[in-house]
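Asks: Structure file my_file-v1.cif, mmCIF, C-alpha atoms and all ligand atoms, is pasted below:
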```
data_start
#
loop_
_atom_site.label_atom_id
_atom_site.label_comp_id
_atom_site.auth_asym_id
_atom_site.auth_seq_id
_atom_site.Cartn_x
_atom_site.Cartn_y
_atom_site.Cartn_z
CA MET A 1 -29.70 -16.01 39.71
CA GLY A 2 -32.83 -13.95 39.32
CA PHE A 3 -32.17 -13.03 35.70
CA PRO A 4 -32.11 -15.03 32.49
CA LEU A 5 -28.52 -16.12 32.07
CA GLN A 6 -27.47 -15.83 28.43
CA ARG A 7 -24.94 -18.57 27.75
CA MET A 8 -22.61 -16.87 25.25
CA ARG A 9 -19.97 -19.51 25.94
CA ARG A 10 -22.05 -22.22 24.20
CA LEU A 11 -20.80 -20.96 20.85
CA ARG A 12 -17.16 -20.92 21.97
CA GLY A 13 -16.90 -24.46 23.25
CA SER A 14 -14.92 -26.08 20.45
CA GLU A 15 -12.79 -25.04 17.51
CA THR A 16 -15.44 -26.43 15.14
CA MET A 17 -18.17 -24.36 16.80
CA ARG A 18 -15.99 -21.26 16.73
CA ARG A 19 -15.20 -21.89 13.09
CA MET A 20 -18.90 -22.16 12.27
CA VAL A 21 -19.88 -18.84 13.86
CA ARG A 22 -16.77 -16.92 12.82
CA GLU A 23 -17.70 -13.58 11.26
CA THR A 24 -14.45 -12.68 9.53
CA SER A 25 -12.08 -14.93 7.66
CA LEU A 26 -8.71 -14.17 6.13
CA SER A 27 -7.49 -15.58 2.86
CA PRO A 28 -4.42 -15.00 0.67
CA ASN A 29 -6.93 -13.47 -1.79
CA ASP A 30 -7.11 -10.48 0.55
CA PHE A 31 -3.42 -9.61 0.34
CA VAL A 32 -1.24 -7.38 -1.78
CA TYR A 33 2.52 -7.86 -1.38
CA PRO A 34 4.73 -4.73 -1.66
CA LEU A 35 8.19 -5.02 -3.26
CA PHE A 36 11.10 -2.57 -3.45
CA VAL A 37 13.03 -2.64 -6.71
CA VAL A 38 16.63 -1.41 -7.08
CA TYR A 39 19.03 -1.08 -10.00
CA GLY A 40 21.57 -3.78 -10.70
CA ARG A 41 21.71 -7.56 -10.82
CA ASP A 42 21.50 -10.19 -8.15
CA LYS A 43 20.85 -7.64 -5.42
CA CYS A 44 19.02 -8.34 -2.18
CA ILE A 45 19.80 -5.53 0.24
CA PRO A 46 18.14 -6.04 3.63
CA VAL A 47 16.18 -3.12 5.08
CA SER A 48 17.40 -2.98 8.67
CA SER A 49 14.21 -1.55 10.17
CA MET A 50 12.03 -4.11 8.33
CA PRO A 51 13.46 -7.57 9.10
CA GLY A 52 12.62 -9.96 6.26
CA VAL A 53 12.22 -7.17 3.68
CA CYS A 54 14.87 -6.50 1.02
CA GLN A 55 15.47 -4.10 -1.80
CA LEU A 56 15.60 -6.44 -4.80
CA SER A 57 17.02 -6.07 -8.30
CA VAL A 58 14.67 -6.93 -11.17
CA ASP A 59 16.08 -10.46 -11.57
CA ARG A 60 15.47 -11.12 -7.85
CA VAL A 61 12.03 -9.53 -7.79
CA VAL A 62 10.66 -12.07 -10.25
CA PRO A 63 11.09 -15.16 -8.03
CA GLU A 64 9.58 -13.22 -5.12
CA ALA A 65 6.55 -12.39 -7.26
CA ARG A 66 6.33 -16.05 -8.33
CA GLN A 67 6.22 -17.08 -4.68
CA ALA A 68 3.41 -14.65 -4.00
CA GLN A 69 1.45 -16.08 -6.89
CA ALA A 70 2.12 -19.66 -5.79
CA LEU A 71 0.69 -18.81 -2.37
CA GLY A 72 -2.54 -17.52 -3.91
CA ILE A 73 -1.82 -13.80 -3.46
CA PRO A 74 -3.44 -11.90 -6.34
CA ALA A 75 -1.20 -8.84 -6.59
CA VAL A 76 2.15 -7.23 -5.90
CA LEU A 77 2.72 -3.49 -5.40
CA LEU A 78 5.99 -2.08 -6.77
CA PHE A 79 8.12 0.76 -5.44
CA GLY A 80 11.29 1.87 -7.22
CA ILE A 81 14.59 3.15 -5.90
CA PRO A 82 16.26 4.84 -8.90
CA GLU A 83 19.95 5.04 -9.63
CA HIS A 84 19.89 8.87 -9.61
CA LYS A 85 17.53 11.35 -7.99
CA ASP A 86 16.96 14.87 -9.34
CA SER A 87 14.61 17.83 -8.99
CA ARG A 88 12.29 16.63 -11.83
CA ALA A 89 12.05 13.00 -10.64
CA SER A 90 13.14 11.85 -14.09
CA GLY A 91 13.65 8.27 -12.88
CA ALA A 92 9.92 8.09 -12.19
CA TYR A 93 8.90 8.22 -15.85
CA ASP A 94 11.99 6.72 -17.48
CA GLU A 95 10.71 4.01 -19.85
CA HIS A 96 13.63 1.86 -18.68
CA GLY A 97 13.42 2.78 -15.01
CA VAL A 98 13.51 0.10 -12.33
CA VAL A 99 9.76 -0.14 -11.87
CA GLN A 100 9.06 -0.17 -15.61
CA GLU A 101 11.59 -3.00 -16.10
CA ALA A 102 10.24 -4.90 -13.11
CA VAL A 103 6.66 -4.66 -14.41
CA ARG A 104 7.74 -6.13 -17.77
CA ALA A 105 9.74 -8.91 -16.14
CA ILE A 106 6.96 -9.88 -13.71
CA LYS A 107 4.19 -9.77 -16.32
CA ASP A 108 6.37 -11.90 -18.56
CA ALA A 109 7.01 -14.51 -15.84
CA CYS A 110 3.57 -14.43 -14.16
CA PRO A 111 0.97 -13.06 -16.57
CA ASP A 112 -1.91 -13.81 -14.19
CA LEU A 113 -0.42 -12.00 -11.21
CA LEU A 114 -1.71 -8.43 -10.97
CA VAL A 115 0.99 -5.80 -10.93
CA ILE A 116 0.17 -2.57 -9.11
CA THR A 117 2.60 0.34 -9.28
CA ASP A 118 2.95 3.06 -6.70
CA VAL A 119 2.76 6.40 -8.49
CA CYS A 120 4.69 8.99 -6.53
CA LEU A 121 7.72 11.20 -6.98
CA CYS A 122 9.33 11.14 -3.53
CA GLU A 123 11.65 8.21 -4.25
CA TYR A 124 12.87 9.96 -7.42
CA MET A 125 13.23 13.56 -6.19
CA ASP A 126 16.58 14.72 -4.76
CA HIS A 127 14.64 16.58 -2.01
CA GLY A 128 12.41 13.59 -1.17
CA HIS A 129 9.07 15.39 -1.51
CA CYS A 130 6.11 13.91 -3.39
CA GLY A 131 5.77 16.90 -5.73
CA ILE A 132 7.67 19.67 -7.50
CA VAL A 133 9.18 22.16 -5.03
CA THR A 134 9.00 25.84 -6.01
CA ALA A 135 11.74 28.44 -5.40
CA SER A 136 9.95 29.46 -2.20
CA GLY A 137 9.97 25.86 -0.95
CA GLU A 138 6.31 25.07 -1.59
CA ILE A 139 4.89 21.96 -3.24
CA ASP A 140 3.38 22.96 -6.58
CA ASN A 141 0.22 20.87 -6.81
CA ASP A 142 -0.84 21.50 -10.41
CA ALA A 143 2.63 21.31 -11.97
CA THR A 144 3.16 17.96 -10.21
CA LEU A 145 0.14 16.38 -11.92
CA GLU A 146 1.89 16.38 -15.29
CA LEU A 147 4.86 14.39 -13.93
CA LEU A 148 2.57 11.94 -12.14
CA ALA A 149 0.69 11.36 -15.40
CA ARG A 150 3.95 10.70 -17.24
CA GLU A 151 4.92 8.23 -14.53
CA ALA A 152 1.56 6.42 -14.60
CA LEU A 153 1.62 6.22 -18.40
CA SER A 154 5.10 4.71 -18.40
CA HIS A 155 3.88 2.09 -15.92
CA ALA A 156 0.82 1.38 -18.08
CA ARG A 157 2.98 1.03 -21.20
CA ALA A 158 5.17 -1.47 -19.32
CA GLY A 159 2.05 -3.53 -18.58
CA ALA A 160 0.86 -2.46 -15.10
CA ASP A 161 -2.67 -3.64 -14.33
CA ILE A 162 -3.36 -1.03 -11.66
CA VAL A 163 -1.69 2.31 -10.93
CA ALA A 164 -1.81 3.62 -7.38
CA PRO A 165 -1.12 7.33 -6.81
CA SER A 166 0.23 7.91 -3.28
CA ASP A 167 1.31 11.54 -3.58
CA MET A 168 -1.85 13.20 -2.17
CA MET A 169 -1.88 16.08 -4.68
CA ASP A 170 -5.40 17.41 -5.30
CA GLY A 171 -7.03 16.34 -8.55
CA ARG A 172 -4.51 13.67 -9.44
CA VAL A 173 -7.01 10.86 -9.77
CA GLY A 174 -9.07 12.68 -12.41
CA TYR A 175 -5.91 13.87 -14.15
CA LEU A 176 -4.43 10.36 -14.32
CA ARG A 177 -7.73 8.81 -15.43
CA GLN A 178 -7.96 11.26 -18.32
CA ALA A 179 -4.35 10.70 -19.33
CA LEU A 180 -4.73 6.92 -19.23
CA ASP A 181 -7.97 7.00 -21.25
CA ARG A 182 -6.52 9.40 -23.81
CA GLU A 183 -3.47 7.18 -24.36
CA GLY A 184 -5.48 3.99 -24.82
CA PHE A 185 -5.25 2.61 -21.28
CA ALA A 186 -8.92 2.67 -20.34
CA GLY A 187 -8.46 -0.88 -19.02
CA VAL A 188 -5.82 0.08 -16.47
CA ALA A 189 -7.44 0.43 -13.05
CA LEU A 190 -6.78 3.19 -10.54
CA MET A 191 -6.31 2.51 -6.86
CA SER A 192 -6.03 5.80 -5.00
CA TYR A 193 -4.34 6.33 -1.69
CA ALA A 194 -7.45 8.36 -0.88
CA ALA A 195 -7.12 8.91 2.86
CA LYS A 196 -3.40 8.91 3.43
CA TYR A 197 -2.31 10.45 6.72
CA ALA A 198 0.92 12.28 7.61
CA SER A 199 2.00 9.41 9.83
CA GLY A 200 5.04 8.52 11.89
CA PHE A 201 4.41 4.89 10.96
CA TYR A 202 6.10 5.39 7.55
CA GLY A 203 9.56 5.70 9.15
CA PRO A 204 10.94 2.28 8.13
CA PHE A 205 9.53 2.63 4.59
CA ARG A 206 11.56 5.78 4.10
CA GLU A 207 14.68 3.73 4.80
CA ALA A 208 13.49 1.03 2.38
CA ALA A 209 12.58 3.47 -0.38
CA GLU A 210 15.25 6.05 0.48
CA SER A 211 12.52 8.68 0.30
CA ALA A 212 12.72 10.73 3.50
CA PRO A 213 12.07 14.44 2.80
CA GLN A 214 15.35 16.38 3.02
CA PHE A 215 13.59 19.42 4.54
CA GLY A 216 10.23 19.97 6.18
CA ASP A 217 7.58 17.27 6.28
CA ARG A 218 4.58 16.03 4.30
CA LYS A 219 1.90 17.75 6.39
CA THR A 220 0.83 20.17 3.64
CA TYR A 221 -0.29 17.30 1.41
CA GLN A 222 -0.91 14.23 3.58
CA MET A 223 -3.85 14.28 5.99
CA ASP A 224 -3.85 15.46 9.59
CA PRO A 225 -4.19 12.36 11.82
CA PRO A 226 -7.02 13.70 14.04
CA ASN A 227 -9.45 14.04 11.09
CA VAL A 228 -11.99 11.49 9.93
CA ARG A 229 -14.76 13.51 8.24
CA GLU A 230 -12.07 14.94 5.99
CA ALA A 231 -11.14 11.37 5.02
CA LEU A 232 -14.70 10.83 3.79
CA ARG A 233 -14.40 13.94 1.61
CA GLU A 234 -11.09 12.71 0.19
CA VAL A 235 -12.63 9.33 -0.64
CA GLN A 236 -15.73 10.95 -2.15
CA LEU A 237 -13.60 13.17 -4.39
CA ASP A 238 -11.40 10.32 -5.56
CA ILE A 239 -14.49 8.28 -6.42
CA GLU A 240 -15.97 11.21 -8.33
CA GLU A 241 -12.67 11.58 -10.21
CA GLY A 242 -12.74 7.92 -11.22
CA ALA A 243 -10.91 5.82 -8.61
CA ASP A 244 -11.76 2.11 -8.93
CA ILE A 245 -10.37 1.16 -5.51
CA VAL A 246 -9.89 3.54 -2.57
CA MET A 247 -7.38 3.15 0.21
CA VAL A 248 -6.95 4.15 3.83
CA LYS A 249 -3.38 4.38 5.11
CA PRO A 250 -2.00 3.52 7.66
CA ALA A 251 -4.32 0.77 8.90
CA LEU A 252 -3.98 0.00 12.60
CA ALA A 253 -4.23 3.46 14.13
CA TYR A 254 -6.98 4.25 11.59
CA LEU A 255 -9.38 1.31 11.91
CA ASP A 256 -12.18 3.77 12.65
CA VAL A 257 -11.47 5.51 9.35
CA ILE A 258 -11.64 2.16 7.53
CA ALA A 259 -14.96 1.41 9.22
CA ARG A 260 -16.43 4.82 8.36
CA VAL A 261 -15.35 4.59 4.71
CA ARG A 262 -16.78 1.06 4.51
CA GLN A 263 -20.14 2.26 5.87
CA ARG A 264 -20.42 5.17 3.48
CA PHE A 265 -19.04 3.82 0.19
CA ASP A 266 -19.39 0.63 -1.81
CA HIS A 267 -16.14 0.77 -3.78
CA PRO A 268 -13.55 -1.90 -3.05
CA LEU A 269 -11.61 -0.68 -0.03
CA ALA A 270 -7.91 -1.27 0.53
CA ALA A 271 -5.98 -0.66 3.74
CA TYR A 272 -2.21 -0.33 3.96
CA ASN A 273 -0.65 -2.21 6.89
CA VAL A 274 2.40 0.07 6.75
CA SER A 275 6.09 -0.37 7.47
CA GLY A 276 5.98 0.89 11.08
CA GLU A 277 3.16 -1.52 11.91
CA TYR A 278 5.25 -4.36 10.50
CA ALA A 279 8.43 -3.20 12.29
CA MET A 280 6.70 -3.03 15.69
CA ILE A 281 5.59 -6.65 15.47
CA LYS A 282 9.00 -7.80 14.23
CA ALA A 283 10.80 -5.95 17.03
CA ALA A 284 8.55 -7.29 19.77
CA ALA A 285 8.75 -10.81 18.35
CA ALA A 286 12.57 -10.64 18.14
CA ASN A 287 12.58 -9.81 21.86
CA GLY A 288 10.33 -12.74 22.62
CA TRP A 289 7.60 -10.37 23.82
CA LEU A 290 4.89 -11.44 21.38
CA ASP A 291 3.97 -14.56 19.43
CA GLU A 292 4.61 -13.33 15.89
CA GLU A 293 2.34 -15.69 13.93
CA ARG A 294 -0.55 -15.10 16.25
CA ILE A 295 -0.15 -11.31 16.21
CA VAL A 296 0.19 -11.17 12.42
CA LEU A 297 -3.09 -13.01 11.92
CA GLU A 298 -4.87 -11.07 14.67
CA THR A 299 -3.72 -7.77 13.14
CA LEU A 300 -4.73 -8.64 9.59
CA THR A 301 -8.06 -9.99 10.82
CA ALA A 302 -8.72 -6.70 12.63
CA ILE A 303 -8.10 -4.74 9.44
CA LYS A 304 -10.49 -7.00 7.54
CA ARG A 305 -13.11 -6.86 10.33
CA ALA A 306 -12.95 -3.06 10.25
CA GLY A 307 -14.07 -3.29 6.62
CA ALA A 308 -11.08 -3.59 4.30
CA ASP A 309 -11.46 -5.87 1.26
CA ILE A 310 -7.80 -5.67 0.34
CA ILE A 311 -4.85 -5.55 2.75
CA ILE A 312 -1.48 -4.34 1.54
CA THR A 313 1.03 -5.97 3.86
CA TYR A 314 4.71 -6.87 4.08
CA SER A 315 3.51 -9.95 5.98
CA ALA A 316 1.61 -11.25 2.94
CA LEU A 317 3.85 -14.27 2.25
CA ASP A 318 4.18 -15.17 5.95
CA ALA A 319 0.45 -14.83 6.54
CA ALA A 320 -0.43 -16.86 3.44
CA ARG A 321 1.91 -19.62 4.64
CA ILE A 322 0.38 -19.60 8.11
CA LEU A 323 -3.12 -19.77 6.62
CA GLN A 324 -2.05 -22.75 4.52
CA GLY A 325 -0.91 -24.42 7.72
CA GLY A 326 2.86 -24.06 7.38
C1 LIG B 401 5.24 7.32 -1.08
C2 LIG B 401 4.77 6.28 -0.13
C3 LIG B 401 5.02 6.15 1.24
C4 LIG B 401 4.46 4.95 1.63
C5 LIG B 401 3.86 4.39 0.50
N1 LIG B 401 4.05 5.25 -0.56
C6 LIG B 401 5.81 6.97 2.17
C7 LIG B 401 5.45 8.34 2.49
O1 LIG B 401 4.39 8.86 2.13
O2 LIG B 401 6.30 8.97 3.13
C8 LIG B 401 4.52 4.35 3.01
C9 LIG B 401 4.42 2.86 3.10
C10 LIG B 401 4.84 2.25 4.38
O3 LIG B 401 5.18 2.93 5.37
O4 LIG B 401 4.83 1.01 4.43
N2 LIG B 401 4.67 8.56 -0.97
#
```
Would it be possible to restate this file's structure as C-alpha cells?
Replies:
Amino acid sequence: MGFPLQRMRRLRGSETMRRMVRETSLSPNDFVYPLFVVYGRDKCIPVSSMPGVCQLSVDRVVPEARQAQALGIPAVLLFGIPEHKDSRASGAYDEHGVVQEAVRAIKDACPDLLVITDVCLCEYMDHGHCGIVTASGEIDNDATLELLAREALSHARAGADIVAPSDMMDGRVGYLRQALDREGFAGVALMSYAAKYASGFYGPFREAAESAPQFGDRKTYQMDPPNVREALREVQLDIEEGADIVMVKPALAYLDVIARVRQRFDHPLAAYNVSGEYAMIKAAAANGWLDEERIVLETLTAIKRAGADIIITYSALDAARILQGG
C-alpha cells in the first residue's frame, strides 16, 4: 500500500473489545427524572405532545418517584401546575401548593431520593411569564427576585434537597443563596439553569406545565441561541453567586455549549434533555422511522460525551430499564 496502514478496526472486532475501550458509559446515576404535579387525587392526565408523560396528583407522584429510586436514579425534579394562576404567582410560594405537598410526600416515602424543585414563576402567573410584568409590559428583574426567594424557601421548608431556578433573572442565584442561608437552609444546594436559551424545543413542556406566555416571548430573559461566549459568562456569574451545580439547556442543539462549559469550569454540570427533544424521538418512533431504544441511549450518551455529569431527561425510567437489560 505504500503507507503504514493503521488498523483501527482491531479494537472494534467484538462486543467485549468495544466494551473495554469504550470512553463514555451511561448509568442510572447520571439521570434526573422530571415530574409534573397537579392538584387533586388519583389524577394522571396524559400530555399529548409528550407520549408517556403525565401530569400527576401528589398521591400518584409518589409511586412514580419510588420507581425512579428502585431503578437507581438519584433524583427527581418537580414542576407544579397550580389550581389558580394570578399576577403575583401566589401558588408558587403557597406552603400547601402542589410542589410543596409533593416534596413532603416524596421525602416521606423515599427519604434517600433527592428532590429537586424547579424555581420559576411562569406556571403560576396568569400571563405565563417567568417574572413580574410591569404596567408597560416589561419583566421587572429585581422585583421578581423577592418572589423567587419566597418560592425557594417554601420548597426548602417542605424538605427539598436542591432548588433549581429556571427563570433567568439576573442575580437570582446570589439572592436565593443569601435567603436560604439566612433562613437556616445552608445545606440546601442550588442548581442553576445557568445557560438557558430561548428555545423552540420547550413547546411540549409548555403544554405539560400550562406555562406558555400569553403575550410576547421569553427572549428578553432567556439566552439568544447563536451565543456561546455569553453562556460562559452566565455560568461564571452563577458560580460566583454560589451555584453548586450549573446547567445548560436545551441539550442536543447545544452540545458545543456543554463541551465549552465542561472545559472551562469544574463544577458539576447538568444538561436538560428537554421536552421537544423527547417529543421528536417519540414521534419518529411512533411512525416506525427510528429504533426508539437505540436512539434514546445514543442521545443520552452524546450528552454525556459532550461533558454533562447529570442529564435531566423524561426518558430516565426507560433508559434505566434498558441499561438494566429490560
Ligand atoms: C420554566 C421552565 C421551562 C422548562 C423548564 N423550566 C419552560 C420555559 O422556559 O418556557 C422547559 C423544559 C422542557 O422543555 O422540557 N421556566
Asks: Just checking: using all atoms listed in the file, which residue out of A:Arg60, A:His267, A:Arg229, A:Arg18 ends up closest to A:Ala243?
Replies: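 When distances to A:Ala243 are compared using all atoms listed in the file, the smallest one comes from A:His267.
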Asks: Let me make sure I understand: among A:Glu15, A:Asp217, A:Asp142, A:Asp161, which one has the smallest atom-to-atom distance to ligand LIG 401 (chain B) if we use all atoms listed in the file?
Replies: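 Going through A:Glu15, A:Asp217, A:Asp142, A:Asp161 one by one, the smallest distance to ligand LIG 401 (chain B) is for A:Asp217.
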Asks: So how many Å separate atom CA of A:Ala75 and atom CA of A:Arg206, to one decimal?
Replies: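 According to the coordinates, atom CA of A:Ala75 and atom CA of A:Arg206 are separated by 22.2 Å.
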Asks: Enter the distance from atom CA of A:Phe36 to atom C4 of ligand LIG 401 (chain B), in Å, rounded to one decimal.
Replies: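 According to the coordinates, atom CA of A:Phe36 and atom C4 of ligand LIG 401 (chain B) are separated by 11.2 Å.
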Asks: Taking into account only C-alpha atoms, which residue in the set A:Ser154, A:Thr313, A:Ser199, A:Ser166 is nearest to A:Ala179?
Replies: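 Among the listed residues, A:Ser154 lies closest to A:Ala179.
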Asks: Could you jot down the atom CA of A:Val99 to atom CA of A:Lys282 separation for me, Å, one decimal place?
Replies: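 That distance, rounded to one decimal, is 27.2 Å.
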Asks: Using only C-alpha atoms, which protein or nucleic acid residues come within 9 Å of A:Val62? Drop anything in the same chain fewer than 2 positions from it, and give the result as a list in words.
Replies: Ser57, Val58, Asp59, Arg60, Glu64, Ala65, Arg66, Gln67, Ala102, Ala105, Ile106, Ala109 and Cys110 of chain A
Asks: Counting all atoms listed in the file, which residues in chain A sit no more than 10 Å from ligand LIG 401 (chain B)? For each one, give the nearest pair of atoms and the distance in Å, sorted by chain then residue number, as a Markdown table.
Replies:
```
| residue | atom | partner | partner_atom | distance |
| --- | --- | --- | --- | --- |
| A:Pro34 | CA | B:LIG401 | O4 | 8.4 |
| A:Met50 | CA | B:LIG401 | O4 | 9.7 |
| A:Leu77 | CA | B:LIG401 | C5 | 9.9 |
| A:Leu78 | CA | B:LIG401 | N1 | 9.8 |
| A:Phe79 | CA | B:LIG401 | N1 | 7.8 |
| A:Asp118 | CA | B:LIG401 | N1 | 6.6 |
| A:Val119 | CA | B:LIG401 | C1 | 7.9 |
| A:Cys120 | CA | B:LIG401 | N2 | 5.6 |
| A:Leu121 | CA | B:LIG401 | N2 | 7.2 |
| A:Cys122 | CA | B:LIG401 | N2 | 5.9 |
| A:Glu123 | CA | B:LIG401 | C1 | 7.2 |
| A:Gly128 | CA | B:LIG401 | O2 | 8.8 |
| A:His129 | CA | B:LIG401 | N2 | 8.1 |
| A:Cys130 | CA | B:LIG401 | N2 | 6.0 |
| A:Gly131 | CA | B:LIG401 | N2 | 9.7 |
| A:Ala164 | CA | B:LIG401 | N1 | 9.1 |
| A:Pro165 | CA | B:LIG401 | N2 | 8.3 |
| A:Ser166 | CA | B:LIG401 | N2 | 5.0 |
| A:Asp167 | CA | B:LIG401 | N2 | 5.2 |
| A:Met168 | CA | B:LIG401 | N2 | 8.1 |
| A:Tyr193 | CA | B:LIG401 | N1 | 8.5 |
| A:Lys196 | CA | B:LIG401 | O1 | 7.9 |
| A:Tyr197 | CA | B:LIG401 | O1 | 8.3 |
| A:Ala198 | CA | B:LIG401 | O1 | 7.3 |
| A:Ser199 | CA | B:LIG401 | O2 | 8.0 |
| A:Gly200 | CA | B:LIG401 | O3 | 8.6 |
| A:Phe201 | CA | B:LIG401 | O3 | 6.0 |
| A:Tyr202 | CA | B:LIG401 | O3 | 3.4 |
| A:Gly203 | CA | B:LIG401 | O3 | 6.4 |
| A:Pro204 | CA | B:LIG401 | O3 | 6.4 |
| A:Phe205 | CA | B:LIG401 | O3 | 4.4 |
| A:Arg206 | CA | B:LIG401 | C6 | 6.2 |
| A:Glu207 | CA | B:LIG401 | O3 | 9.6 |
| A:Ala208 | CA | B:LIG401 | O4 | 8.9 |
| A:Ala209 | CA | B:LIG401 | C6 | 8.0 |
| A:Glu210 | CA | B:LIG401 | C6 | 9.6 |
| A:Ser211 | CA | B:LIG401 | O2 | 6.8 |
| A:Ala212 | CA | B:LIG401 | O2 | 6.7 |
| A:Pro213 | CA | B:LIG401 | O2 | 8.0 |
| A:Asp217 | CA | B:LIG401 | O2 | 9.0 |
| A:Arg218 | CA | B:LIG401 | O2 | 7.4 |
| A:Tyr221 | CA | B:LIG401 | O1 | 9.7 |
| A:Gln222 | CA | B:LIG401 | O1 | 7.7 |
| A:Lys249 | CA | B:LIG401 | C8 | 8.2 |
| A:Pro250 | CA | B:LIG401 | O3 | 7.6 |
| A:Tyr272 | CA | B:LIG401 | O4 | 7.2 |
| A:Asn273 | CA | B:LIG401 | O4 | 6.8 |
| A:Val274 | CA | B:LIG401 | O4 | 3.5 |
| A:Ser275 | CA | B:LIG401 | O4 | 3.6 |
| A:Gly276 | CA | B:LIG401 | O3 | 6.1 |
| A:Glu277 | CA | B:LIG401 | O4 | 8.1 |
| A:Tyr278 | CA | B:LIG401 | O4 | 8.1 |
| A:Ala279 | CA | B:LIG401 | O4 | 9.6 |
| A:Ile312 | CA | B:LIG401 | O4 | 8.8 |
| A:Thr313 | CA | B:LIG401 | O4 | 8.0 |
| A:Tyr314 | CA | B:LIG401 | O4 | 7.9 |
```
Asks: So which one's closest to A:Gln236, A:Asp266, A:Asp256, A:Asp181, A:Asp224? Using only C-alpha atoms, please.
Replies: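 Closest candidate: A:Asp266.
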Asks: Which is closest to A:Val188 among A:Arg104, A:Lys304, A:His155, A:Arg294, if we use all atoms listed in the file?
Replies: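 That would be A:His155, the residue with the smallest distance to A:Val188.
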Asks: Would you mind telling me which residue in A:Ala149, A:Ala259, A:Leu252, A:Val76 lies nearest to A:Asp30 when using all atoms listed in the file?
Replies: A:Val76
Asks: Within 10 Å of A:Ser90, counting only C-alpha atoms, which residues show up once you throw out same-chain ones fewer than 5 positions away? Write them as a list in words, please.
Replies: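 Residues meeting the cut-off are Pro82, His84, Lys85, Gly97, Leu121, Tyr124, Met125, Leu147, Arg150 and Glu151 of chain A.
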Asks: Could you give me the axis-aligned bounding box of stretch 234-249 of chain A, with 6 Å of padding per side, as centre plus edge lengths in Å to one decimal, as AutoDock Vina command-line options?
Replies:
```
--center_x -9.7 --center_y 7.2 --center_z -3.1 --size_x 24.6 --size_y 24.0 --size_z 28.3
```
Asks: So that I can check the surroundings of A:Leu190, please list as a list in words every protein, DNA and RNA residue that reaches within 10 Å of it, counting all atoms listed in the file and ignoring chain neighbours fewer than 6 positions away.
Replies: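 Selected residues are Ile116, Thr117, Ala152, Asp161, Ile162, Val163, Ala164, Pro165, Val173, Gly174, Leu176, Arg177, Leu180, Asp238, Gly242, Ala243, Asp244, Ile245 and Val246 of chain A.
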Asks: Find the residues around A:Pro268 up to 12 Å (only C-alpha atoms counted), leave out those fewer than 6 positions away in its own chain, and share them as a PyMOL selection string.
Replies: chain A and resi 30+189-192+235+239+243-248+258+261-262+307-311
